[in-house]
>>> print(open('structure_25.tsv').read())   # TSV, C-alpha atoms and all ligand atoms
chain	number	residue	atom	x	y	z
A	1	MET	CA	5.84	-2.73	-25.94
A	2	THR	CA	2.66	-2.02	-23.93
A	3	ASP	CA	2.91	-0.85	-20.36
A	4	LEU	CA	1.21	-4.09	-19.25
A	5	GLN	CA	3.71	-6.30	-21.12
A	6	SER	CA	6.69	-4.39	-19.70
A	7	ILE	CA	5.22	-4.74	-16.19
A	8	ALA	CA	4.80	-8.50	-16.78
A	9	ASP	CA	8.36	-8.74	-18.13
A	10	HIS	CA	9.60	-6.90	-15.06
A	11	TRP	CA	8.10	-9.61	-12.82
A	12	GLY	CA	9.02	-12.73	-14.70
A	13	LYS	CA	10.52	-13.75	-18.02
A	14	GLY	CA	11.49	-17.14	-19.42
A	15	ASP	CA	10.96	-20.45	-17.66
A	16	VAL	CA	10.25	-19.38	-14.08
A	17	TYR	CA	9.11	-22.89	-13.12
A	18	ALA	CA	12.45	-24.38	-14.23
A	19	ARG	CA	14.29	-21.78	-12.14
A	20	ILE	CA	12.19	-22.72	-9.12
A	21	LEU	CA	12.90	-26.43	-9.63
A	22	ASP	CA	16.66	-25.73	-9.99
A	23	GLN	CA	16.65	-23.77	-6.75
A	24	MET	CA	14.63	-26.49	-4.98
A	25	ALA	CA	17.32	-28.97	-5.99
A	26	LEU	CA	20.03	-26.69	-4.58
A	27	ALA	CA	18.04	-26.40	-1.33
A	28	GLY	CA	17.59	-30.19	-1.13
A	29	ILE	CA	13.80	-30.04	-1.60
A	30	ASN	CA	12.34	-33.09	-3.36
A	31	PRO	CA	9.65	-32.02	-5.90
A	32	ASP	CA	7.86	-35.36	-5.51
A	33	THR	CA	7.18	-34.78	-1.82
A	34	VAL	CA	7.26	-30.96	-1.61
A	35	THR	CA	4.75	-29.34	0.78
A	36	LEU	CA	3.01	-25.96	0.77
A	37	GLU	CA	5.21	-24.97	3.71
A	38	GLN	CA	8.40	-25.78	1.77
A	39	LEU	CA	7.24	-23.72	-1.23
A	40	ALA	CA	6.16	-20.77	0.94
A	41	PRO	CA	9.52	-18.89	1.04
A	42	VAL	CA	9.20	-18.40	-2.74
A	43	ASP	CA	5.55	-18.62	-3.74
A	44	HIS	CA	4.20	-16.06	-1.24
A	45	PHE	CA	5.81	-13.28	-3.22
A	46	HIS	CA	5.10	-10.15	-1.18
A	47	ALA	CA	6.42	-8.27	1.85
A	48	ARG	CA	6.80	-10.65	4.85
A	49	GLY	CA	5.75	-13.59	2.66
A	50	PHE	CA	3.83	-16.43	4.29
A	51	PRO	CA	3.11	-14.82	7.71
A	52	ALA	CA	1.46	-11.86	5.94
A	53	THR	CA	-0.80	-14.24	3.97
A	54	VAL	CA	-1.79	-16.02	7.19
A	55	GLU	CA	-2.65	-12.69	8.87
A	56	LEU	CA	-4.67	-11.57	5.85
A	57	ALA	CA	-6.56	-14.89	5.81
A	58	ASP	CA	-7.22	-14.55	9.57
A	59	ALA	CA	-8.97	-11.23	8.87
A	60	LEU	CA	-11.31	-12.57	6.16
A	61	PRO	CA	-14.78	-14.16	6.52
A	62	ILE	CA	-13.96	-17.14	4.28
A	63	LYS	CA	-16.28	-20.15	4.47
A	64	ARG	CA	-15.84	-23.76	3.41
A	65	GLY	CA	-16.94	-24.22	-0.21
A	66	ASP	CA	-16.52	-20.53	-1.14
A	67	ARG	CA	-15.25	-19.58	-4.56
A	68	LEU	CA	-12.65	-16.80	-4.31
A	69	VAL	CA	-10.63	-14.76	-6.78
A	70	ASP	CA	-6.94	-13.90	-6.24
A	71	ILE	CA	-6.20	-10.92	-8.50
A	72	GLY	CA	-2.48	-10.78	-9.32
A	73	CYS	CA	-1.99	-14.31	-8.00
A	74	GLY	CA	1.69	-14.58	-8.92
A	75	LEU	CA	2.97	-18.12	-8.33
A	76	GLY	CA	-0.25	-19.09	-6.54
A	77	GLY	CA	1.15	-19.66	-3.03
A	78	PRO	CA	-1.54	-17.60	-1.27
A	79	ALA	CA	-4.26	-19.22	-3.41
A	80	ARG	CA	-3.10	-22.75	-2.51
A	81	TYR	CA	-2.75	-21.89	1.19
A	82	ILE	CA	-6.25	-20.35	1.37
A	83	ALA	CA	-7.86	-23.12	-0.70
A	84	LYS	CA	-6.37	-25.78	1.58
A	85	ARG	CA	-6.98	-23.99	4.88
A	86	PHE	CA	-10.64	-23.19	4.18
A	87	ASP	CA	-11.48	-26.09	1.84
A	88	CYS	CA	-12.58	-23.66	-0.86
A	89	HIS	CA	-11.78	-22.97	-4.52
A	90	VAL	CA	-9.54	-20.11	-5.62
A	91	ASP	CA	-9.30	-18.73	-9.16
A	92	GLY	CA	-6.06	-16.82	-9.73
A	93	VAL	CA	-5.42	-14.31	-12.49
A	94	ASP	CA	-2.14	-12.57	-13.30
A	95	ILE	CA	-0.63	-10.64	-16.23
A	96	THR	CA	2.73	-12.46	-16.00
A	97	ALA	CA	2.36	-15.60	-18.14
A	98	PRO	CA	5.52	-17.35	-16.82
A	99	PHE	CA	4.14	-16.92	-13.27
A	100	VAL	CA	0.76	-18.36	-14.24
A	101	GLU	CA	2.45	-21.33	-15.92
A	102	ALA	CA	4.60	-21.89	-12.82
A	103	ALA	CA	1.55	-21.46	-10.54
A	104	ASN	CA	-0.36	-24.21	-12.32
A	105	LYS	CA	2.66	-26.55	-12.39
A	106	LEU	CA	3.27	-25.99	-8.68
A	107	SER	CA	-0.39	-26.85	-8.04
A	108	VAL	CA	0.19	-30.13	-9.91
A	109	LEU	CA	3.24	-30.84	-7.72
A	110	VAL	CA	1.22	-30.52	-4.51
A	111	GLY	CA	-1.90	-32.22	-5.90
A	112	MET	CA	-4.13	-29.13	-5.80
A	113	THR	CA	-5.26	-28.66	-9.40
A	114	GLY	CA	-8.88	-29.26	-8.39
A	115	ALA	CA	-8.78	-26.42	-5.83
A	116	VAL	CA	-6.78	-23.69	-7.58
A	117	THR	CA	-7.00	-22.58	-11.22
A	118	CYS	CA	-4.77	-19.81	-12.52
A	119	VAL	CA	-5.11	-17.95	-15.84
A	120	THR	CA	-3.33	-15.11	-17.57
A	121	GLY	CA	-5.28	-11.85	-17.48
A	122	ASP	CA	-5.46	-8.24	-16.34
A	123	GLY	CA	-7.14	-7.12	-13.12
A	124	GLN	CA	-8.40	-4.08	-15.02
A	125	ALA	CA	-10.42	-6.34	-17.39
A	126	LEU	CA	-11.10	-9.59	-15.53
A	127	PRO	CA	-11.78	-12.76	-17.57
A	128	TYR	CA	-14.77	-13.77	-15.40
A	129	GLY	CA	-18.53	-13.39	-15.47
A	130	ASP	CA	-20.58	-11.16	-13.15
A	131	ALA	CA	-21.19	-12.00	-9.46
A	132	MET	CA	-19.20	-15.26	-9.54
A	133	PHE	CA	-17.16	-14.95	-6.35
A	134	ASP	CA	-17.81	-15.01	-2.59
A	135	GLY	CA	-14.69	-12.96	-1.98
A	136	GLY	CA	-11.56	-11.59	-3.58
A	137	TYR	CA	-8.13	-10.42	-2.56
A	138	CYS	CA	-4.98	-9.00	-4.11
A	139	GLN	CA	-1.65	-8.93	-2.35
A	140	HIS	CA	0.94	-6.41	-3.54
A	141	VAL	CA	-0.47	-5.87	-7.00
A	142	LEU	CA	-1.93	-2.36	-7.03
A	143	MET	CA	1.49	-0.65	-7.11
A	144	ASN	CA	1.51	-1.57	-10.85
A	145	VAL	CA	-2.10	-0.70	-11.64
A	146	ALA	CA	-2.53	2.45	-13.75
A	147	ASP	CA	-6.32	2.53	-13.63
A	148	ARG	CA	-7.52	1.76	-10.11
A	149	ASP	CA	-11.07	2.79	-10.93
A	150	ALA	CA	-11.20	0.09	-13.63
A	151	PHE	CA	-9.51	-2.44	-11.30
A	152	PHE	CA	-12.02	-1.86	-8.46
A	153	ARG	CA	-14.95	-1.66	-10.90
A	154	GLU	CA	-13.96	-5.07	-12.27
A	155	ALA	CA	-13.49	-6.57	-8.80
A	156	HIS	CA	-16.93	-5.22	-7.87
A	157	ARG	CA	-18.48	-6.70	-11.02
A	158	VAL	CA	-17.20	-10.26	-10.45
A	159	LEU	CA	-18.08	-10.34	-6.72
A	160	LYS	CA	-21.45	-11.35	-5.30
A	161	PRO	CA	-23.34	-8.72	-3.24
A	162	GLY	CA	-21.89	-8.71	0.30
A	163	ALA	CA	-18.62	-10.40	-0.81
A	164	PHE	CA	-15.34	-9.15	0.62
A	165	LEU	CA	-12.47	-7.53	-1.24
A	166	ALA	CA	-9.13	-7.37	0.59
A	167	LEU	CA	-5.89	-5.86	-0.54
A	168	THR	CA	-2.36	-5.30	0.67
A	169	GLU	CA	0.02	-2.83	-0.92
A	170	HIS	CA	2.76	-0.28	-0.54
A	171	GLY	CA	0.72	2.91	-0.67
A	172	LEU	CA	2.39	6.21	-1.50
A	173	GLY	CA	3.91	7.83	1.59
A	174	GLU	CA	3.64	11.39	2.77
A	175	THR	CA	7.17	12.63	2.02
A	176	GLY	CA	7.93	12.01	-1.65
A	177	ASP	CA	8.56	9.36	-4.28
A	178	PRO	CA	10.19	6.03	-3.34
A	179	HIS	CA	13.83	5.25	-3.99
A	180	HIS	CA	14.24	2.75	-6.83
A	181	PRO	CA	14.71	-0.09	-7.56
A	182	VAL	CA	11.82	-1.56	-5.54
A	183	PRO	CA	10.14	-4.94	-6.05
A	184	TRP	CA	7.49	-3.55	-8.44
A	185	SER	CA	9.75	-1.29	-10.54
A	186	GLU	CA	13.41	-0.91	-11.36
A	187	ASP	CA	13.30	2.81	-12.19
A	188	GLY	CA	9.79	4.12	-11.54
A	189	SER	CA	8.32	2.93	-14.84
A	190	GLY	CA	5.08	0.94	-14.48
A	191	ALA	CA	4.67	2.25	-10.91
A	192	TYR	CA	1.37	3.85	-9.87
A	193	LEU	CA	1.42	4.21	-6.10
A	194	MET	CA	-1.53	5.91	-4.46
A	195	ARG	CA	-2.04	7.36	-1.00
A	196	PRO	CA	-4.14	5.03	1.21
A	197	ASP	CA	-6.86	7.72	1.59
A	198	ASP	CA	-7.18	7.92	-2.19
A	199	THR	CA	-7.41	4.13	-2.44
A	200	VAL	CA	-10.23	4.16	0.12
A	201	ALA	CA	-12.00	6.87	-1.91
A	202	ALA	CA	-11.59	4.79	-5.09
A	203	LEU	CA	-13.02	1.71	-3.32
A	204	GLU	CA	-16.02	3.73	-2.13
A	205	LYS	CA	-16.56	5.13	-5.61
A	206	ALA	CA	-16.65	1.55	-7.00
A	207	GLY	CA	-19.33	0.56	-4.46
A	208	PHE	CA	-17.31	-0.98	-1.61
A	209	THR	CA	-18.26	-0.31	1.98
A	210	GLY	CA	-17.30	-1.26	5.57
A	211	ILE	CA	-13.69	-0.37	4.75
A	212	THR	CA	-10.99	-0.98	7.39
A	213	VAL	CA	-7.39	0.12	6.91
A	214	THR	CA	-4.48	-1.38	8.88
A	215	ASP	CA	-1.02	0.19	8.74
A	216	THR	CA	1.41	-2.68	8.07
A	217	GLY	CA	4.58	-0.54	7.76
A	218	GLU	CA	6.22	-1.50	11.05
A	219	LYS	CA	5.75	-5.23	10.44
A	220	TYR	CA	7.10	-4.99	6.89
A	221	LEU	CA	10.07	-3.03	8.16
A	222	GLN	CA	10.90	-5.74	10.70
A	223	GLY	CA	10.64	-8.35	7.92
A	224	TYR	CA	12.98	-6.42	5.61
A	225	ARG	CA	15.46	-5.76	8.45
A	226	THR	CA	15.61	-9.48	9.26
A	227	ALA	CA	16.22	-10.30	5.58
A	228	ILE	CA	18.99	-7.68	5.34
A	229	GLU	CA	20.63	-8.97	8.54
A	230	LEU	CA	20.60	-12.59	7.34
A	231	ALA	CA	22.03	-11.59	3.93
A	232	GLU	CA	24.81	-9.58	5.60
A	233	LYS	CA	25.74	-12.62	7.69
A	234	GLY	CA	25.66	-14.81	4.54
A	235	GLN	CA	22.73	-16.75	6.04
A	236	ALA	CA	20.01	-15.90	3.50
A	237	PRO	CA	17.93	-19.01	2.73
A	238	VAL	CA	18.87	-20.83	-0.50
A	239	PHE	CA	15.20	-21.09	-1.43
A	240	GLY	CA	13.89	-17.52	-1.27
A	241	THR	CA	12.41	-14.72	-3.36
A	242	HIS	CA	15.87	-13.52	-4.45
A	243	ILE	CA	15.50	-16.06	-7.28
A	244	LEU	CA	12.54	-13.99	-8.55
A	245	LEU	CA	13.91	-10.52	-7.78
A	246	GLY	CA	17.18	-11.16	-9.64
A	247	LYS	CA	20.59	-9.60	-9.19
A	248	LEU	CA	19.21	-6.33	-7.79
A	249	ALA	CA	17.59	-8.20	-4.87
A	250	PRO	CA	19.88	-6.81	-2.11
A	251	GLN	CA	19.36	-3.20	-3.26
A	252	ILE	CA	15.61	-3.78	-3.72
A	253	VAL	CA	15.22	-5.05	-0.15
A	254	ARG	CA	17.29	-2.17	1.28
A	255	ASN	CA	15.20	0.40	-0.63
A	256	ALA	CA	11.94	-1.24	0.42
A	257	ALA	CA	13.00	-0.79	4.06
A	258	ARG	CA	14.38	2.73	3.58
A	259	ASN	CA	11.21	3.89	1.79
A	260	ILE	CA	9.12	2.90	4.81
A	261	GLU	CA	11.59	4.48	7.26
A	262	GLU	CA	11.51	7.75	5.29
A	263	ARG	CA	7.71	7.54	4.86
A	264	ARG	CA	8.04	7.48	1.08
A	265	THR	CA	5.78	4.44	1.12
A	266	HIS	CA	2.85	3.73	3.43
A	267	PRO	CA	2.08	-0.01	3.49
A	268	VAL	CA	-1.49	-0.99	4.28
A	269	GLN	CA	-3.89	-3.90	4.44
A	270	ILE	CA	-7.43	-2.88	3.47
A	271	VAL	CA	-10.54	-5.01	3.87
A	272	SER	CA	-13.88	-3.99	2.40
A	273	ARG	CA	-17.06	-5.56	1.05
A	274	LYS	CA	-19.35	-5.06	-1.87
A	275	ALA	CA	-22.52	-3.39	-0.71
A	276	GLY	CA	-25.40	-5.77	-1.07
B	301	LIG	C1	4.56	-8.89	-5.78
B	301	LIG	S1	3.78	-9.98	-6.91
B	301	LIG	C2	2.51	-10.65	-5.86
B	301	LIG	C3	2.05	-12.00	-6.31
B	301	LIG	C4	1.00	-12.64	-5.38
B	301	LIG	N1	-0.11	-11.77	-5.16
B	301	LIG	C5	1.62	-13.00	-4.06
B	301	LIG	O1	1.35	-12.28	-3.09
B	301	LIG	O2	2.35	-13.99	-3.97
B	301	LIG	C6	2.86	-8.83	-7.92
B	301	LIG	C7	2.03	-9.55	-8.98
B	301	LIG	O3	1.06	-8.64	-9.53
B	301	LIG	C8	0.90	-8.98	-10.89
B	301	LIG	N2	0.23	-7.87	-11.56
B	301	LIG	C9	0.67	-6.60	-11.73
B	301	LIG	N3	-0.24	-5.87	-12.39
B	301	LIG	C10	-1.31	-6.68	-12.64
B	301	LIG	C11	-2.57	-6.51	-13.27
B	301	LIG	N4	-2.93	-5.34	-13.84
B	301	LIG	N5	-3.41	-7.56	-13.32
B	301	LIG	C12	-3.06	-8.77	-12.81
B	301	LIG	N6	-1.87	-9.00	-12.20
B	301	LIG	C13	-1.01	-7.96	-12.11
B	301	LIG	C14	2.32	-9.26	-11.34
B	301	LIG	O4	2.37	-9.96	-12.54
B	301	LIG	C15	2.87	-10.05	-10.16
B	301	LIG	O5	2.67	-11.42	-10.32
>>> encode(input="structure_25.tsv", output="structure tokens")
Amino acid sequence: MTDLQSIADHWGKGDVYARILDQMALAGINPDTVTLEQLAPVDHFHARGFPATVELADALPIKRGDRLVDIGCGLGGPARYIAKRFDCHVDGVDITAPFVEAANKLSVLVGMTGAVTCVTGDGQALPYGDAMFDGGYCQHVLMNVADRDAFFREAHRVLKPGAFLALTEHGLGETGDPHHPVPWSEDGSGAYLMRPDDTVAALEKAGFTGITVTDTGEKYLQGYRTAIELAEKGQAPVFGTHILLGKLAPQIVRNAARNIEERRTHPVQIVSRKAG
């Protein structure tokens, strides 16, 4: 099996959409009237979930009518939120076919198929033409990307001159390798963490400029601690990302927190733009 297929299998196998619908039923959410806010605890599948997407969107110069690309779009929650908030179009691409299928079906549920289009594909070889997008972002994807030079080269190619590229990720920390399992890898396979300074250097090499780096570690840590506390009290929400993380979810969340505390990971949000 290729590295890419095993990474995709790690994230989602089988009928992910059916699992989401089952869990919505358990949580008493009606699919006929479901809102973006009700989907958010599951379809913003990254550290701190929905609030982190809102903060990222706050930091971006998105304009009405823009066409954006979400690289590693997952279930499409961030794409739908951004498309609705800014009245723009978002194209999502992700290697995990069951996520892409679920993303498009969720867009049907909330009546947003005209604003968000998701396809299966690899960020290291994007299925788009040159200079198509006014901006791009990828939330919590790069931890699985073996060839960052190719990933940033491709992002640069599909963006218009002056367009922004934003990313959030768990960078590699200063003290050693992370404890596993973590959300992006059960045992270290398919994991390619990079120090934030090296990511900045790779962005510059690809032709990005105006780069700002924000340390998001403390905020993530608070988010993980809240999740751990709720789970320990038996108050974890019925509709949450545990349905995607599987049976290792409690250990994954504890390790994600511990890795930040021990500076094995260094979470960042990075915003840049294509020189132009
Ligand atoms: C933690 S999820 C984040 C999903 C989405 N960005 C979000 O924030 O809700 C990581 C996603 O990255 C995708 N991914 C990993 N490597 C990728 C690659 N080379 N190209 C495209 N997607 C990739 C996975 O399939 C998975 O859906």
>>> closest_residue(input="structure_25.tsv", among="A:Gly246, A:Pro78, A:Pro61, A:Gly72", to="Glu186 in chain A", atoms="only C-alpha atoms")
A:Gly246
>>> residues_near_ligand(input="structure_25.tsv", ligand="ligand LIG 301 (chain B)", cutoff="7 Å", atoms="all atoms listed in the file", output="ChimeraX atom specification")
/A:4,7-8,11,43-46,71-78,93-96,99,121-124,138-142,144-145,183-184
>>> write_last_selection(input="structure_25.tsv", atoms="C-alpha atoms", output="PDB file, keeping the file's coordinate frame")
ATOM      1  CA  LEU A   4       1.210  -4.090 -19.250  1.00  0.00           C
ATOM      2  CA  ILE A   7       5.220  -4.740 -16.190  1.00  0.00           C
ATOM      3  CA  ALA A   8       4.800  -8.500 -16.780  1.00  0.00           C
ATOM      4  CA  TRP A  11       8.100  -9.610 -12.820  1.00  0.00           C
ATOM      5  CA  ASP A  43       5.550 -18.620  -3.740  1.00  0.00           C
ATOM      6  CA  HIS A  44       4.200 -16.060  -1.240  1.00  0.00           C
ATOM      7  CA  PHE A  45       5.810 -13.280  -3.220  1.00  0.00           C
ATOM      8  CA  HIS A  46       5.100 -10.150  -1.180  1.00  0.00           C
ATOM      9  CA  ILE A  71      -6.200 -10.920  -8.500  1.00  0.00           C
ATOM     10  CA  GLY A  72      -2.480 -10.780  -9.320  1.00  0.00           C
ATOM     11  CA  CYS A  73      -1.990 -14.310  -8.000  1.00  0.00           C
ATOM     12  CA  GLY A  74       1.690 -14.580  -8.920  1.00  0.00           C
ATOM     13  CA  LEU A  75       2.970 -18.120  -8.330  1.00  0.00           C
ATOM     14  CA  GLY A  76      -0.250 -19.090  -6.540  1.00  0.00           C
ATOM     15  CA  GLY A  77       1.150 -19.660  -3.030  1.00  0.00           C
ATOM     16  CA  PRO A  78      -1.540 -17.600  -1.270  1.00  0.00           C
ATOM     17  CA  VAL A  93      -5.420 -14.310 -12.490  1.00  0.00           C
ATOM     18  CA  ASP A  94      -2.140 -12.570 -13.300  1.00  0.00           C
ATOM     19  CA  ILE A  95      -0.630 -10.640 -16.230  1.00  0.00           C
ATOM     20  CA  THR A  96       2.730 -12.460 -16.000  1.00  0.00           C
ATOM     21  CA  PHE A  99       4.140 -16.920 -13.270  1.00  0.00           C
ATOM     22  CA  GLY A 121      -5.280 -11.850 -17.480  1.00  0.00           C
ATOM     23  CA  ASP A 122      -5.460  -8.240 -16.340  1.00  0.00           C
ATOM     24  CA  GLY A 123      -7.140  -7.120 -13.120  1.00  0.00           C
ATOM     25  CA  GLN A 124      -8.400  -4.080 -15.020  1.00  0.00           C
ATOM     26  CA  CYS A 138      -4.980  -9.000  -4.110  1.00  0.00           C
ATOM     27  CA  GLN A 139      -1.650  -8.930  -2.350  1.00  0.00           C
ATOM     28  CA  HIS A 140       0.940  -6.410  -3.540  1.00  0.00           C
ATOM     29  CA  VAL A 141      -0.470  -5.870  -7.000  1.00  0.00           C
ATOM     30  CA  LEU A 142      -1.930  -2.360  -7.030  1.00  0.00           C
ATOM     31  CA  ASN A 144       1.510  -1.570 -10.850  1.00  0.00           C
ATOM     32  CA  VAL A 145      -2.100  -0.700 -11.640  1.00  0.00           C
ATOM     33  CA  PRO A 183      10.140  -4.940  -6.050  1.00  0.00           C
ATOM     34  CA  TRP A 184       7.490  -3.550  -8.440  1.00  0.00           C
TER      35      TRP A 184
END
>>> closest_residue(input="structure_25.tsv", among="A:Ala57, A:Leu106, A:Ala27, A:Ala40", to="Leu167 in chain A", atoms="all atoms listed in the file")
A:Ala57
>>> closest_residue(input="structure_25.tsv", among="A:Lys105, A:Gly217, A:Ala125, A:Phe164", to="Pro31 in chain A", atoms="all atoms listed in the file")
A:Lys105
>>> atom_distance(input="structure_25.tsv", atom1="CA of His170 in chain A", atom2="CA of Asp197 in chain A")
12.7 Å
>>> residues_around(input="structure_25.tsv", residues="Arg258 in chain A", least_positions_apart="6", cutoff="9 Å", atoms="all atoms listed in the file", output="PyMOL selection string")
chain A and resi 178-179+221+264
>>> decode(input="structure_25.tsv", residues="range 188-209 of chain A", atoms="N, CA and C atoms", output="CSV table (one decimal), in the first residue's frame")
chain,number,residue,atom,x,y,z
A,188,GLY,N,3.6,6.8,14.4
A,188,GLY,CA,4.7,7.5,13.8
A,188,GLY,C,4.8,7.3,12.3
A,189,SER,N,4.1,6.3,11.8
A,189,SER,CA,4.1,6.1,10.3
A,189,SER,C,3.3,7.2,9.7
A,190,GLY,N,3.7,7.7,8.5
A,190,GLY,CA,3.0,8.7,7.8
A,190,GLY,C,3.1,10.1,8.4
A,191,ALA,N,4.0,10.2,9.4
A,191,ALA,CA,4.1,11.5,10.1
A,191,ALA,C,5.4,12.2,9.7
A,192,TYR,N,5.3,13.5,9.3
A,192,TYR,CA,6.4,14.2,8.8
A,192,TYR,C,6.4,15.6,9.4
A,193,LEU,N,6.6,15.7,10.7
A,193,LEU,CA,6.5,17.0,11.4
A,193,LEU,C,7.8,17.8,11.0
A,194,MET,N,7.7,19.1,11.0
A,194,MET,CA,8.8,20.0,10.7
A,194,MET,C,8.8,21.1,11.6
A,195,ARG,N,10.0,21.6,12.0
A,195,ARG,CA,10.1,22.7,12.9
A,195,ARG,C,9.5,24.0,12.2
A,196,PRO,N,8.8,24.8,12.9
A,196,PRO,CA,8.2,26.0,12.3
A,196,PRO,C,9.2,26.9,11.5
A,197,ASP,N,10.5,27.0,12.0
A,197,ASP,CA,11.5,27.8,11.2
A,197,ASP,C,11.7,27.1,9.8
A,198,ASP,N,11.7,25.8,9.8
A,198,ASP,CA,12.0,25.1,8.5
A,198,ASP,C,10.8,25.2,7.6
A,199,THR,N,9.6,25.3,8.2
A,199,THR,CA,8.4,25.5,7.4
A,199,THR,C,8.4,26.9,6.7
A,200,VAL,N,8.8,27.9,7.5
A,200,VAL,CA,9.0,29.2,7.0
A,200,VAL,C,10.0,29.3,5.9
A,201,ALA,N,11.1,28.6,6.1
A,201,ALA,CA,12.2,28.5,5.0
A,201,ALA,C,11.6,27.9,3.7
A,202,ALA,N,10.8,26.8,3.9
A,202,ALA,CA,10.2,26.1,2.7
A,202,ALA,C,9.2,27.0,2.0
A,203,LEU,N,8.5,27.8,2.8
A,203,LEU,CA,7.5,28.7,2.2
A,203,LEU,C,8.3,29.8,1.4
A,204,GLU,N,9.3,30.3,2.0
A,204,GLU,CA,10.1,31.3,1.3
A,204,GLU,C,10.7,30.8,0.0
A,205,LYS,N,11.2,29.6,0.1
A,205,LYS,CA,11.8,28.9,-1.1
A,205,LYS,C,10.8,28.8,-2.2
A,206,ALA,N,9.5,28.5,-1.9
A,206,ALA,CA,8.5,28.3,-2.9
A,206,ALA,C,8.0,29.7,-3.5
A,207,GLY,N,8.4,30.8,-2.8
A,207,GLY,CA,8.0,32.1,-3.4
A,207,GLY,C,7.0,32.8,-2.6
A,208,PHE,N,6.8,32.4,-1.3
A,208,PHE,CA,5.9,33.1,-0.4
A,208,PHE,C,6.6,34.2,0.4
A,209,THR,N,5.9,35.2,0.7
A,209,THR,CA,6.5,36.4,1.4
A,209,THR,C,5.6,36.9,2.5
